[in-house]
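J.: The structure file start03.txt (compact mmCIF, C-alpha atoms and all ligand atoms) is provided below.
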```txt
# COMPACT_ATOMS: atom_id res chain seq x y z
CA MET A 25 27.46 -39.07 17.29
CA ARG A 26 30.28 -39.29 14.77
CA ARG A 27 28.07 -41.43 12.59
CA ARG A 28 25.40 -38.77 12.58
CA HIS A 29 27.95 -36.14 11.60
CA THR A 30 29.17 -38.27 8.73
CA PHE A 31 25.62 -38.80 7.57
CA GLN A 32 24.91 -35.05 7.73
CA ARG A 33 28.07 -34.31 5.78
CA ILE A 34 27.15 -36.78 3.05
CA LEU A 35 23.67 -35.28 2.90
CA LEU A 36 25.11 -31.79 2.57
CA LEU A 37 27.38 -32.94 -0.25
CA LEU A 38 24.45 -34.55 -2.02
CA LEU A 39 22.05 -31.65 -1.58
CA PRO A 40 22.92 -29.79 -4.78
CA PHE A 41 22.36 -32.99 -6.76
CA ILE A 42 19.07 -33.71 -5.03
CA ALA A 43 17.94 -30.14 -5.79
CA THR A 44 18.97 -30.45 -9.45
CA ALA A 45 17.25 -33.80 -9.70
CA GLN A 46 14.05 -32.14 -8.50
CA LEU A 47 14.43 -29.32 -10.98
CA GLN A 48 15.09 -31.73 -13.83
CA LYS A 49 11.82 -33.45 -13.07
CA MET A 50 9.98 -30.24 -13.78
CA GLU A 51 8.32 -29.69 -17.10
CA PRO A 52 9.63 -26.69 -19.02
CA THR A 53 7.86 -23.40 -18.34
CA ARG A 54 4.82 -22.92 -20.59
CA HIS A 55 4.61 -19.62 -22.38
CA GLU A 56 2.34 -20.65 -25.24
CA GLU A 57 -1.42 -20.90 -24.98
CA SER A 58 -1.34 -24.13 -27.00
CA GLN A 59 0.66 -25.77 -24.18
CA VAL A 60 -2.08 -25.28 -21.59
CA PRO A 61 -3.45 -28.70 -20.58
CA ALA A 62 -7.15 -29.47 -20.36
CA TYR A 63 -8.40 -28.90 -16.83
CA THR A 64 -11.57 -28.75 -14.75
CA LEU A 65 -11.92 -26.12 -12.06
CA PRO A 66 -13.50 -26.85 -8.69
CA ASP A 67 -16.82 -25.01 -8.38
CA PRO A 68 -16.89 -22.18 -5.83
CA LEU A 69 -20.64 -22.73 -5.54
CA VAL A 70 -20.60 -26.39 -4.52
CA MET A 71 -19.94 -27.35 -0.90
CA GLU A 72 -17.25 -29.95 -0.23
CA ASP A 73 -19.97 -32.54 0.43
CA GLY A 74 -21.48 -31.87 -3.02
CA THR A 75 -24.38 -29.65 -1.92
CA PRO A 76 -24.98 -26.86 -4.44
CA VAL A 77 -24.80 -23.32 -3.10
CA ALA A 78 -27.89 -21.91 -4.76
CA GLU A 79 -28.85 -19.08 -2.41
CA ALA A 80 -27.01 -16.11 -1.00
CA GLY A 81 -27.71 -17.34 2.54
CA GLN A 82 -25.57 -20.45 1.93
CA TRP A 83 -22.50 -18.47 0.94
CA SER A 84 -21.15 -17.80 4.42
CA ALA A 85 -20.83 -21.55 5.07
CA ARG A 86 -19.12 -22.11 1.70
CA ARG A 87 -16.89 -19.08 2.30
CA ALA A 88 -15.79 -20.54 5.65
CA GLU A 89 -14.96 -23.85 3.94
CA LEU A 90 -12.87 -22.18 1.25
CA LEU A 91 -11.02 -20.00 3.76
CA GLU A 92 -10.14 -23.10 5.74
CA ILE A 93 -8.95 -24.97 2.62
CA LEU A 94 -6.82 -22.11 1.29
CA SER A 95 -5.31 -21.55 4.73
CA ALA A 96 -4.56 -25.23 5.34
CA ARG A 97 -3.18 -26.03 1.88
CA GLN A 98 -1.51 -22.84 0.77
CA TYR A 99 -1.07 -19.62 2.76
CA GLY A 100 -1.20 -21.05 6.30
CA PHE A 101 -3.13 -20.07 9.40
CA ALA A 102 -2.10 -17.02 11.42
CA PRO A 103 -2.28 -17.57 15.18
CA PRO A 104 -5.86 -16.76 16.20
CA VAL A 105 -4.84 -14.46 19.05
CA PRO A 106 -5.19 -10.67 19.21
CA VAL A 107 -2.26 -8.28 19.47
CA SER A 108 -2.31 -4.74 20.73
CA VAL A 109 -1.84 -2.09 18.02
CA LYS A 110 -0.58 1.31 19.16
CA GLY A 111 0.63 4.16 16.99
CA LYS A 112 3.10 6.91 17.77
CA VAL A 113 3.19 9.78 15.28
CA VAL A 114 6.87 10.57 14.71
CA SER A 115 6.47 13.32 12.13
CA GLU A 116 3.68 15.35 10.60
CA ASP A 117 4.31 17.82 7.76
CA SER A 118 1.42 19.68 6.21
CA ASP A 119 3.53 21.02 3.32
CA ALA A 120 4.14 17.70 1.54
CA LEU A 121 3.60 17.31 -2.23
CA ASP A 122 3.84 21.08 -2.74
CA GLY A 123 1.26 21.71 -0.07
CA ALA A 124 -1.33 19.27 -1.44
CA ALA A 125 -0.83 16.73 1.33
CA THR A 126 0.06 16.17 4.93
CA MET A 127 2.74 13.57 5.27
CA LYS A 128 2.62 11.60 8.47
CA GLN A 129 5.03 8.96 9.68
CA VAL A 130 3.77 6.67 12.39
CA GLU A 131 5.45 3.90 14.35
CA VAL A 132 2.77 1.27 14.64
CA VAL A 133 3.79 -1.03 17.49
CA LEU A 134 2.30 -4.51 17.58
CA THR A 135 2.60 -6.14 20.98
CA HIS A 136 1.84 -9.65 22.10
CA GLY A 137 2.88 -10.62 25.63
CA ASP A 138 6.43 -9.42 26.14
CA LYS A 139 7.22 -9.25 22.40
CA SER A 140 6.69 -6.39 19.99
CA ARG A 141 7.34 -5.45 16.38
CA THR A 142 7.26 -1.94 14.93
CA LEU A 143 5.88 -1.12 11.48
CA GLY A 144 6.89 2.23 9.96
CA LEU A 145 3.76 3.65 8.35
CA LEU A 146 4.03 6.42 5.76
CA LEU A 147 0.78 8.29 5.15
CA PHE A 148 -0.11 10.98 2.65
CA LEU A 149 -3.41 12.72 3.46
CA PRO A 150 -5.08 15.19 1.09
CA ASN A 151 -5.13 18.70 2.61
CA ALA A 152 -8.15 19.69 0.53
CA ALA A 153 -10.43 17.10 2.17
CA ALA A 154 -13.16 18.30 4.49
CA GLN A 155 -14.31 14.77 5.37
CA PRO A 156 -12.47 11.51 6.12
CA VAL A 157 -11.23 10.09 2.82
CA PRO A 158 -10.88 6.60 1.35
CA ALA A 159 -7.33 5.25 1.50
CA PHE A 160 -5.12 2.85 -0.42
CA VAL A 161 -2.90 0.68 1.73
CA GLY A 162 -0.08 -1.36 0.27
CA LEU A 163 3.27 -2.82 1.18
CA ASN A 164 6.45 -1.74 -0.59
CA PHE A 165 9.43 -3.98 -1.41
CA PHE A 166 12.44 -1.93 -0.24
CA GLY A 167 11.35 0.75 2.20
CA ASN A 168 9.14 3.82 2.44
CA HIS A 169 12.06 6.02 1.37
CA THR A 170 12.03 4.32 -2.05
CA SER A 171 8.37 5.21 -2.62
CA HIS A 172 8.83 9.00 -2.71
CA ALA A 173 11.83 11.33 -2.94
CA ASP A 174 10.84 13.52 0.04
CA PRO A 175 14.05 13.66 2.13
CA ARG A 176 12.05 13.54 5.36
CA ILE A 177 10.95 9.95 4.81
CA ARG A 178 12.76 7.79 7.32
CA LEU A 179 14.96 4.83 6.44
CA HIS A 180 13.95 1.55 8.04
CA GLY A 181 16.45 -0.38 10.13
CA ASN A 182 15.40 -3.88 9.11
CA TRP A 183 16.96 -6.44 6.77
CA SER A 184 16.48 -5.61 3.09
CA PRO A 185 16.99 -7.79 0.03
CA ASN A 186 20.04 -6.68 -1.94
CA ASN A 187 19.23 -5.18 -5.32
CA GLU A 188 21.60 -3.49 -7.73
CA ALA A 189 18.99 -1.28 -9.39
CA LEU A 190 17.73 -0.15 -6.00
CA ARG A 191 21.33 0.28 -4.80
CA VAL A 192 21.03 -2.01 -1.81
CA THR A 193 24.24 -3.99 -1.40
CA ASP A 194 24.57 -4.68 2.29
CA ASN A 195 21.05 -5.82 3.19
CA ARG A 196 20.50 -2.37 4.71
CA ALA A 197 18.41 0.61 3.58
CA THR A 198 20.50 3.54 2.35
CA GLU A 199 19.95 7.10 1.14
CA ASP A 200 20.98 5.99 -2.36
CA SER A 201 17.60 4.29 -2.88
CA ARG A 202 15.51 7.33 -2.03
CA GLY A 203 12.67 7.82 -4.51
CA LEU A 204 13.84 5.02 -6.83
CA ARG A 205 10.43 3.32 -6.73
CA ALA A 206 8.37 6.55 -6.76
CA HIS A 207 6.81 5.60 -10.09
CA ARG A 208 4.95 2.79 -8.31
CA TRP A 209 3.37 5.17 -5.77
CA PRO A 210 2.19 8.28 -7.67
CA ALA A 211 1.21 10.11 -4.48
CA GLU A 212 0.52 13.40 -6.30
CA GLU A 213 -2.12 11.81 -8.56
CA ILE A 214 -3.67 9.78 -5.74
CA ILE A 215 -3.96 12.85 -3.50
CA ALA A 216 -5.33 14.97 -6.36
CA ARG A 217 -8.11 12.40 -6.78
CA GLY A 218 -9.06 12.77 -3.10
CA TYR A 219 -7.57 9.59 -1.64
CA ALA A 220 -5.05 8.98 1.10
CA LEU A 221 -2.07 6.71 0.48
CA ALA A 222 -0.60 4.48 3.17
CA THR A 223 2.45 2.31 2.69
CA VAL A 224 4.72 0.21 4.89
CA TYR A 225 7.93 -1.64 4.11
CA ALA A 226 7.01 -5.34 3.77
CA GLY A 227 10.19 -6.28 5.66
CA ASP A 228 8.95 -4.41 8.72
CA VAL A 229 6.15 -6.97 8.78
CA ASP A 230 8.19 -9.97 7.72
CA PRO A 231 11.57 -10.05 5.96
CA ASP A 232 11.44 -11.66 2.54
CA HIS A 233 13.84 -14.48 3.26
CA GLU A 234 13.78 -18.07 4.39
CA ASP A 235 14.17 -18.21 8.14
CA GLY A 236 11.81 -21.01 9.07
CA CYS A 237 9.14 -18.35 9.68
CA LYS A 238 10.77 -17.26 12.92
CA ASP A 239 11.47 -13.56 12.41
CA GLY A 240 9.22 -10.59 11.63
CA VAL A 241 5.73 -10.82 13.08
CA HIS A 242 6.07 -14.61 13.20
CA GLY A 243 8.35 -14.03 16.18
CA LEU A 244 5.59 -12.34 18.19
CA PHE A 245 3.98 -15.68 18.85
CA GLY A 246 4.95 -18.80 20.75
CA GLU A 247 4.09 -22.44 20.18
CA THR A 248 0.99 -22.27 22.37
CA ASP A 249 -0.49 -19.38 20.37
CA HIS A 250 -1.00 -21.63 17.35
CA THR A 251 -3.95 -23.93 16.90
CA ALA A 252 -2.86 -25.26 13.48
CA PRO A 253 -0.29 -28.06 13.05
CA PRO A 254 3.20 -26.78 12.12
CA GLU A 255 2.90 -27.66 8.42
CA GLU A 256 -0.26 -25.56 8.12
CA ARG A 257 1.02 -22.43 9.84
CA TRP A 258 1.40 -19.09 8.09
CA GLY A 259 4.13 -18.29 5.64
CA THR A 260 5.41 -14.86 4.70
CA ILE A 261 2.55 -13.98 2.32
CA ALA A 262 0.01 -14.62 5.08
CA ALA A 263 2.17 -12.58 7.47
CA TRP A 264 2.21 -9.65 5.02
CA SER A 265 -1.58 -9.86 4.69
CA TRP A 266 -1.95 -9.96 8.45
CA GLY A 267 0.28 -6.87 8.59
CA LEU A 268 -2.09 -5.06 6.20
CA SER A 269 -4.93 -5.85 8.59
CA ARG A 270 -2.98 -4.40 11.52
CA ILE A 271 -2.42 -1.19 9.56
CA LEU A 272 -6.16 -1.12 8.97
CA ASP A 273 -6.67 -1.58 12.74
CA TYR A 274 -4.51 1.47 13.30
CA MET A 275 -6.24 3.60 10.69
CA GLU A 276 -9.71 2.64 11.89
CA GLU A 277 -8.87 3.44 15.49
CA SER A 278 -6.48 6.34 15.31
CA GLU A 279 -6.43 8.12 11.97
CA PRO A 280 -9.44 10.46 11.79
CA ALA A 281 -8.51 11.78 8.33
CA VAL A 282 -9.10 8.30 6.87
CA ASP A 283 -12.54 6.70 6.50
CA GLY A 284 -11.91 3.25 7.96
CA ALA A 285 -14.88 1.86 6.05
CA ARG A 286 -13.25 2.73 2.71
CA VAL A 287 -9.74 1.29 2.95
CA ILE A 288 -8.56 -0.49 -0.18
CA ALA A 289 -5.90 -3.23 -0.03
CA LEU A 290 -3.58 -2.91 -3.02
CA GLY A 291 -0.38 -4.62 -4.06
CA HIS A 292 1.92 -5.38 -6.95
CA SER A 293 3.28 -8.84 -7.68
CA ARG A 294 4.19 -10.64 -4.43
CA MET A 295 2.51 -7.79 -2.57
CA GLY A 296 -0.49 -8.29 -4.87
CA LYS A 297 -0.66 -11.90 -3.64
CA ALA A 298 -0.62 -10.50 -0.08
CA ALA A 299 -3.30 -7.90 -0.90
CA LEU A 300 -5.61 -10.61 -2.26
CA TRP A 301 -5.18 -12.79 0.81
CA ALA A 302 -5.79 -9.72 3.00
CA GLY A 303 -8.98 -8.94 1.07
CA ALA A 304 -10.04 -12.58 1.41
CA THR A 305 -9.34 -12.94 5.13
CA ASP A 306 -10.37 -9.49 6.35
CA THR A 307 -13.80 -8.32 5.21
CA ARG A 308 -13.15 -4.83 6.57
CA PHE A 309 -11.17 -4.04 3.41
CA ALA A 310 -13.69 -2.19 1.28
CA ALA A 311 -12.05 -3.26 -1.99
CA THR A 312 -9.00 -5.18 -3.20
CA ILE A 313 -6.65 -4.50 -6.10
CA SER A 314 -3.97 -6.88 -7.33
CA ASN A 315 -1.48 -5.85 -9.98
CA ASN A 316 0.48 -8.55 -11.85
CA SER A 317 0.01 -10.91 -8.88
CA GLY A 318 0.43 -14.12 -10.89
CA CYS A 319 1.01 -17.52 -9.31
CA VAL A 320 -0.58 -17.87 -5.85
CA GLY A 321 -2.15 -14.49 -6.63
CA ALA A 322 -4.87 -14.13 -9.24
CA ALA A 323 -3.59 -16.71 -11.79
CA LEU A 324 -5.19 -20.15 -12.06
CA HIS A 325 -2.88 -22.99 -10.98
CA ARG A 326 -4.42 -25.57 -13.29
CA ARG A 327 -3.31 -23.73 -16.44
CA ARG A 328 0.32 -24.48 -15.45
CA PHE A 329 1.32 -21.44 -17.49
CA GLY A 330 4.33 -19.29 -16.58
CA GLU A 331 5.31 -19.53 -12.93
CA ARG A 332 4.01 -22.58 -11.10
CA LEU A 333 3.56 -23.59 -7.50
CA VAL A 334 6.74 -25.66 -7.66
CA ASP A 335 8.68 -22.54 -8.75
CA ILE A 336 7.36 -20.55 -5.82
CA ASN A 337 8.01 -23.35 -3.34
CA THR A 338 11.55 -23.80 -4.69
CA ASN A 339 12.59 -20.15 -5.03
CA PHE A 340 10.60 -18.69 -2.14
CA PRO A 341 10.07 -21.62 0.25
CA HIS A 342 9.00 -19.24 3.03
CA TRP A 343 6.01 -17.69 1.21
CA LEU A 344 3.49 -20.48 1.76
CA ASN A 345 2.98 -23.14 4.37
CA ASP A 346 4.78 -26.47 4.24
CA ARG A 347 1.69 -28.36 3.24
CA SER A 348 1.54 -26.51 -0.08
CA LYS A 349 4.80 -28.22 -1.06
CA SER A 350 3.06 -31.55 -1.36
CA PHE A 351 1.17 -30.10 -4.36
CA ASN A 352 4.29 -29.22 -6.36
CA GLU A 353 3.65 -30.36 -9.94
CA ARG A 354 0.28 -31.78 -8.85
CA GLU A 355 -1.96 -28.82 -9.58
CA SER A 356 -4.91 -30.96 -10.57
CA ASP A 357 -4.89 -32.53 -7.10
CA LEU A 358 -5.26 -29.17 -5.36
CA PRO A 359 -8.62 -29.05 -3.59
CA PHE A 360 -9.06 -25.44 -4.75
CA ASP A 361 -7.89 -22.99 -7.40
CA GLN A 362 -7.23 -19.29 -7.36
CA HIS A 363 -10.67 -18.22 -8.62
CA GLN A 364 -11.86 -19.42 -5.22
CA LEU A 365 -9.39 -17.09 -3.53
CA LEU A 366 -10.90 -14.23 -5.55
CA ALA A 367 -14.42 -15.40 -4.69
CA LEU A 368 -13.66 -14.90 -0.99
CA ILE A 369 -13.58 -11.16 -1.68
CA ALA A 370 -17.23 -11.12 -2.87
CA PRO A 371 -19.42 -9.12 -2.67
CA ARG A 372 -16.85 -6.33 -2.28
CA PRO A 373 -15.25 -4.74 -5.37
CA LEU A 374 -12.19 -6.50 -6.77
CA TYR A 375 -9.77 -5.39 -9.49
CA VAL A 376 -7.22 -7.63 -11.20
CA ALA A 377 -4.60 -6.04 -13.46
CA SER A 378 -2.23 -7.74 -15.89
CA ALA A 379 0.61 -6.64 -18.16
CA ALA A 380 0.85 -8.14 -21.65
CA GLU A 381 4.54 -9.03 -21.51
CA ASP A 382 4.31 -10.46 -18.00
CA LEU A 383 3.90 -14.05 -19.15
CA TRP A 384 5.47 -15.34 -15.93
CA ALA A 385 2.31 -14.09 -14.16
CA ASP A 386 -0.05 -15.61 -16.79
CA PRO A 387 -2.30 -12.65 -17.73
CA LYS A 388 -4.93 -14.94 -19.24
CA GLY A 389 -4.98 -17.08 -16.09
CA GLU A 390 -5.51 -13.89 -14.07
CA PHE A 391 -8.48 -12.89 -16.21
CA LEU A 392 -9.99 -16.39 -16.19
CA ALA A 393 -9.80 -16.61 -12.40
CA LEU A 394 -11.83 -13.42 -12.20
CA LEU A 395 -14.32 -14.75 -14.73
CA HIS A 396 -14.74 -18.03 -12.84
CA ALA A 397 -15.16 -16.19 -9.54
CA GLU A 398 -17.91 -13.96 -10.95
CA PRO A 399 -20.84 -16.36 -10.20
CA VAL A 400 -20.29 -15.69 -6.50
CA TRP A 401 -20.86 -11.94 -6.95
CA GLN A 402 -23.94 -12.73 -8.99
CA LEU A 403 -25.25 -15.08 -6.30
CA LEU A 404 -24.81 -12.28 -3.77
CA GLY A 405 -26.91 -9.94 -5.88
CA ILE A 406 -24.11 -7.88 -7.40
CA ARG A 407 -24.63 -7.20 -11.09
CA SER A 408 -21.53 -8.14 -13.00
CA ASP A 409 -21.35 -9.06 -16.63
CA LEU A 410 -17.79 -9.86 -17.60
CA PRO A 411 -17.27 -10.81 -21.25
CA ARG A 412 -16.34 -14.47 -21.79
CA GLU A 413 -13.18 -13.45 -23.68
CA MET A 414 -10.43 -11.38 -22.13
CA PRO A 415 -9.98 -7.84 -23.49
CA ASP A 416 -7.31 -7.13 -26.07
CA VAL A 417 -4.08 -5.57 -24.87
CA GLY A 418 -4.84 -2.00 -23.82
CA GLY A 419 -8.43 -2.88 -22.93
CA SER A 420 -10.12 -2.63 -19.57
CA LEU A 421 -13.36 -3.65 -17.87
CA THR A 422 -15.09 -1.67 -15.19
CA GLY A 423 -17.79 -2.73 -12.78
CA PRO A 424 -17.70 -4.37 -9.36
CA LEU A 425 -15.12 -6.67 -10.96
CA GLY A 426 -12.49 -4.62 -12.75
CA TYR A 427 -9.75 -5.81 -15.05
CA HIS A 428 -7.19 -4.41 -17.44
CA ILE A 429 -4.30 -5.65 -19.48
CA ARG A 430 -1.88 -2.91 -20.40
CA PRO A 431 0.99 -3.24 -22.85
CA GLY A 432 4.44 -3.71 -21.40
CA LYS A 433 6.30 -5.45 -18.64
CA HIS A 434 5.80 -6.55 -15.06
CA ASP A 435 5.55 -3.31 -13.06
CA LEU A 436 3.13 -0.98 -11.32
CA LEU A 437 2.78 2.19 -13.37
CA SER A 438 0.83 5.38 -13.14
CA GLU A 439 -1.33 4.19 -16.05
CA ASP A 440 -2.38 1.25 -13.85
CA TRP A 441 -3.19 3.67 -11.04
CA VAL A 442 -5.37 5.85 -13.29
CA ARG A 443 -7.58 2.83 -13.89
CA PHE A 444 -7.57 1.80 -10.24
CA LEU A 445 -8.68 5.31 -9.29
CA ASP A 446 -11.49 5.24 -11.89
CA PHE A 447 -12.55 1.91 -10.38
CA THR A 448 -12.49 3.05 -6.76
CA ASP A 449 -14.33 6.27 -7.69
CA ARG A 450 -17.26 4.01 -8.56
CA MET A 451 -17.30 2.44 -5.08
CA ALA A 452 -20.44 3.37 -3.20
CA GLY A 453 -20.03 6.58 -1.29
CA SER A 454 -16.75 7.66 -2.88
C1 LIG A 501 9.26 -13.21 -8.85
C2 LIG A 501 8.29 -14.27 -8.40
C3 LIG A 501 6.84 -13.84 -8.58
C4 LIG A 501 6.63 -12.50 -7.92
C5 LIG A 501 7.65 -11.50 -8.42
C6 LIG A 501 7.59 -10.15 -7.72
O1 LIG A 501 9.19 -13.05 -10.22
O2 LIG A 501 8.57 -15.44 -9.13
O3 LIG A 501 5.95 -14.78 -8.02
O4 LIG A 501 5.31 -12.07 -8.14
O5 LIG A 501 8.94 -12.00 -8.20
O6 LIG A 501 7.17 -10.09 -6.57
O7 LIG A 501 8.01 -9.16 -8.34
```
Translate this file's structure into structure tokens.
Ligand code: GCU
T.:
Amino acid sequence: MRRRHTFQRILLLLLPFIATAQLQKMEPTRHEESQVPAYTLPDPLVMEDGTPVAEAGQWSARRAELLEILSARQYGFAPPVPVSVKGKVVSEDSDALDGAATMKQVEVVLTHGDKSRTLGLLLFLPNAAAQPVPAFVGLNFFGNHTSHADPRIRLHGNWSPNNEALRVTDNRATEDSRGLRAHRWPAEEIIARGYALATVYAGDVDPDHEDGCKDGVHGLFGETDHTAPPEERWGTIAAWSWGLSRILDYMEESEPAVDGARVIALGHSRMGKAALWAGATDTRFAATISNNSGCVGAALHRRRFGERLVDINTNFPHWLNDRSKSFNERESDLPFDQHQLLALIAPRPLYVASAAEDLWADPKGEFLALLHAEPVWQLLGIRSDLPREMPDVGGSLTGPLGYHIRPGKHDLLSEDWVRFLDFTDRMAGS
């Protein structure tokens, strides 16, 4: 016993050095195009046994293979068991946004066996609509009250990351943060264009901290609910995506003002990674939009540009499954790349957005992933004709595959939204 304690103590003392040793092994971060190594991407249209996927009818088998690979080696498998999804409307105000919208707040309770988790859903619905409308659904980083200044928006009671700019110091939501992220959720513009907006605090689904994937919705399930081995089970990004699907369940079943067949998964940065995985795993999402999603989002791993898998697995060890850690600094050994994640969204519309100064997210890698995913849309009979070169800063591409690179830093701005809205307006039936 004592021996074990001594060993543990020595290990604890050595840990910082072991961690530094690992970091020292890392190559410096690449921010220059000339530093990108030569690489070959795995083909989304070749089965694992080498059979070419030449006809649309073969895609579902290839899609299933890719879903399995990306789950097993990166995001992790969610337990394949259903939960009950029940909503309780806790407020409904038809005078929101100067009378343009009805603001609804709903407690969406997810129950599995004797365990439950409540997601606080904030919904803005356009008052002018005569028919059910398409809706954007996305997770926010710090709480619904940060996404709009309306004083009626409730504070969540869950753990929050501390953040000086957002005025969170005690891991708790406070009044001081109200409206501080409103620029990311321009509800007025979205409503004026005839869409509903739905957002939930990501930490209601799963707190953004390392806890061995025990809390949040992970805690709804027991050992026997999993079919995957522990190292392949879902991390926090997969949990967030799963949460987006549960919000879609709720809207499909219980929100008559929203057209459940036109719900768009959208997210910025880490929530953009989650939106992409939601679009990939849940074909009910009519379209998917990722903004500055970067590494393990839209950016290609093999370019090794900006943030890399090893950075994610070091700084956010809870985001992916444990198996992904064996690929740290071994991108060329990954049996997939992120264009294949994007391909899983085909034939539905997909938009990838970059910001020119956001080198950490590798804008060019985001564009190239889209370009290399495009053959799957073409195979499925969707006309798409992306240029081989990425647009200049300020440029954009519309079509079933949309893309823009705006000037400026990592953020979600109303100028991004204007382009997203132009893109979703083109969706059939909008
Ligand atoms: C960090 C992280 C990124 C992530 C970003 C965000 O920069 O390294 O992967 O996208 O945070 O979520 O804002």
J.: May I have the residues within 9 Å of ligand LIG 501 (chain A), computed using only C-alpha atoms and all ligand atoms, as an mmCIF file with C-alpha atoms, keeping the file's coordinate frame?
T.:
```cif
data_model
loop_
_atom_site.group_PDB
_atom_site.id
_atom_site.type_symbol
_atom_site.label_atom_id
_atom_site.label_comp_id
_atom_site.auth_asym_id
_atom_site.auth_seq_id
_atom_site.Cartn_x
_atom_site.Cartn_y
_atom_site.Cartn_z
ATOM 1 C CA PHE A 165 9.430 -3.980 -1.410
ATOM 2 C CA HIS A 292 1.920 -5.380 -6.950
ATOM 3 C CA SER A 293 3.280 -8.840 -7.680
ATOM 4 C CA ARG A 294 4.190 -10.640 -4.430
ATOM 5 C CA MET A 295 2.510 -7.790 -2.570
ATOM 6 C CA GLY A 296 -0.490 -8.290 -4.870
ATOM 7 C CA LYS A 297 -0.660 -11.900 -3.640
ATOM 8 C CA ASN A 316 0.480 -8.550 -11.850
ATOM 9 C CA SER A 317 0.010 -10.910 -8.880
ATOM 10 C CA GLY A 318 0.430 -14.120 -10.890
ATOM 11 C CA CYS A 319 1.010 -17.520 -9.310
ATOM 12 C CA VAL A 320 -0.580 -17.870 -5.850
ATOM 13 C CA GLY A 321 -2.150 -14.490 -6.630
ATOM 14 C CA GLU A 331 5.310 -19.530 -12.930
ATOM 15 C CA ARG A 332 4.010 -22.580 -11.100
ATOM 16 C CA ASP A 335 8.680 -22.540 -8.750
ATOM 17 C CA ILE A 336 7.360 -20.550 -5.820
ATOM 18 C CA ASN A 339 12.590 -20.150 -5.030
ATOM 19 C CA PHE A 340 10.600 -18.690 -2.140
ATOM 20 C CA TRP A 384 5.470 -15.340 -15.930
ATOM 21 C CA ALA A 385 2.310 -14.090 -14.160
ATOM 22 C CA HIS A 434 5.800 -6.550 -15.060
ATOM 23 C CA ASP A 435 5.550 -3.310 -13.060
#
```
J.: Per residue of region 306-422 of chain A within 9 Å of region 222-244 of chain A, what are the shortest atom pair and its distance in Å to one decimal, counting only C-alpha atoms, with rows by chain and residue number, as a Markdown table?
T.:
```
| residue | atom | partner | partner_atom | distance |
| --- | --- | --- | --- | --- |
| A:Phe340 | CA | A:Glu234 | CA | 7.3 |
| A:Pro341 | CA | A:Glu234 | CA | 6.6 |
| A:His342 | CA | A:Glu234 | CA | 5.1 |
| A:Trp343 | CA | A:Asp232 | CA | 8.2 |
```
J.: Those selected residues, please, written with C-alpha atoms and delivered as a PDB file, in the coordinates of the input.
T.:
```pdb
ATOM      1  CA  PHE A 340      10.600 -18.690  -2.140  1.00  0.00           C
ATOM      2  CA  PRO A 341      10.070 -21.620   0.250  1.00  0.00           C
ATOM      3  CA  HIS A 342       9.000 -19.240   3.030  1.00  0.00           C
ATOM      4  CA  TRP A 343       6.010 -17.690   1.210  1.00  0.00           C
TER       5      TRP A 343
END
```
J.: CA of Ser378 (chain A) to CA of Gly218 (chain A): how many Å, to one decimal?
T.: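 Calculated distance between CA of Ser378 (chain A) and CA of Gly218 (chain A) is 25.1 Å.
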J.: Pull the closest atom pair for each residue of region 360-405 of chain A that gets at most 10 Å from region 298-306 of chain A, along with the distance in Å to one decimal, counting only C-alpha atoms, ordering rows by chain and then ascending residue number, as a tab-separated table.
T.:
```
residue	atom	partner	partner_atom	distance
A:Gln364	CA	A:Ala304	CA	9.7
A:Leu365	CA	A:Ala304	CA	6.7
A:Leu366	CA	A:Ala304	CA	7.2
A:Ala367	CA	A:Ala304	CA	8.0
A:Leu368	CA	A:Ala304	CA	4.9
A:Ile369	CA	A:Ala304	CA	4.9
A:Ala370	CA	A:Ala304	CA	8.5
A:Arg372	CA	A:Gly303	CA	8.9
A:Pro373	CA	A:Gly303	CA	9.9
A:Leu374	CA	A:Gly303	CA	8.8
A:Tyr375	CA	A:Leu300	CA	9.8
A:Val376	CA	A:Leu300	CA	9.6
```
J.: Using all atoms listed in the file, which of A:Gly144, A:Gly389, A:Gly405, A:Gly423 sits nearest Gly81 (chain A)?
T.: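 Once distances to Gly81 (chain A) are computed over all atoms listed in the file, the minimum belongs to A:Gly405.
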J.: CA of Gly418 (chain A) to CA of Pro431 (chain A): how many Å, to one decimal?
T.: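 So the two atoms, CA of Gly418 (chain A) and CA of Pro431 (chain A), lie 6.0 Å apart.
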J.: Given the choices A:Arg176, A:His169, A:His207, A:His55, which gets closest to Leu436 (chain A) if the distance is worked out from all atoms listed in the file?
T.: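 Selected residue with least distance to Leu436 (chain A): A:His207.
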J.: Please determine the residues with any atom at most 12 Å from (-8.7, 6.4, -8.4) (coordinates as given in the file, with all atoms listed in the file counting) and report them as a ChimeraX atom specification.
T.: /A:158-160,210-221,288,290,313,375,438-451,454
J.: Give me, as a list in words, all polymer residues having an atom no more than 9 Å from region 67-70 of chain A, counting all atoms listed in the file and skipping those fewer than 4 positions away in the same chain.
T.: Gly74, Thr75, Pro76, Val77, Ala78, Trp83, Arg86, Arg87, Leu90, Phe360, His363, Gln364, Ala367, His396, Ala397, Pro399, Val400 and Leu403 of chain A
J.: May I ask which of the residues A:Pro66, A:Pro52, A:Gly432, A:Pro103 is the closest one to Ala262 (chain A), counting only C-alpha atoms?
T.: A:Pro103
J.: Can you tell me, as a list in words, what residues are no more than 12 Å from Asp119 (chain A) when counting only C-alpha atoms, ignoring any on the same chain fewer than 2 positions away?
T.: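 What passes the distance filter is Glu116, Asp117, Leu121, Asp122, Gly123, Ala124, Ala125, Thr126, Met127, Lys128, Phe148, Leu149, Pro150, Asn151, Asp174 and Arg176 of chain A.
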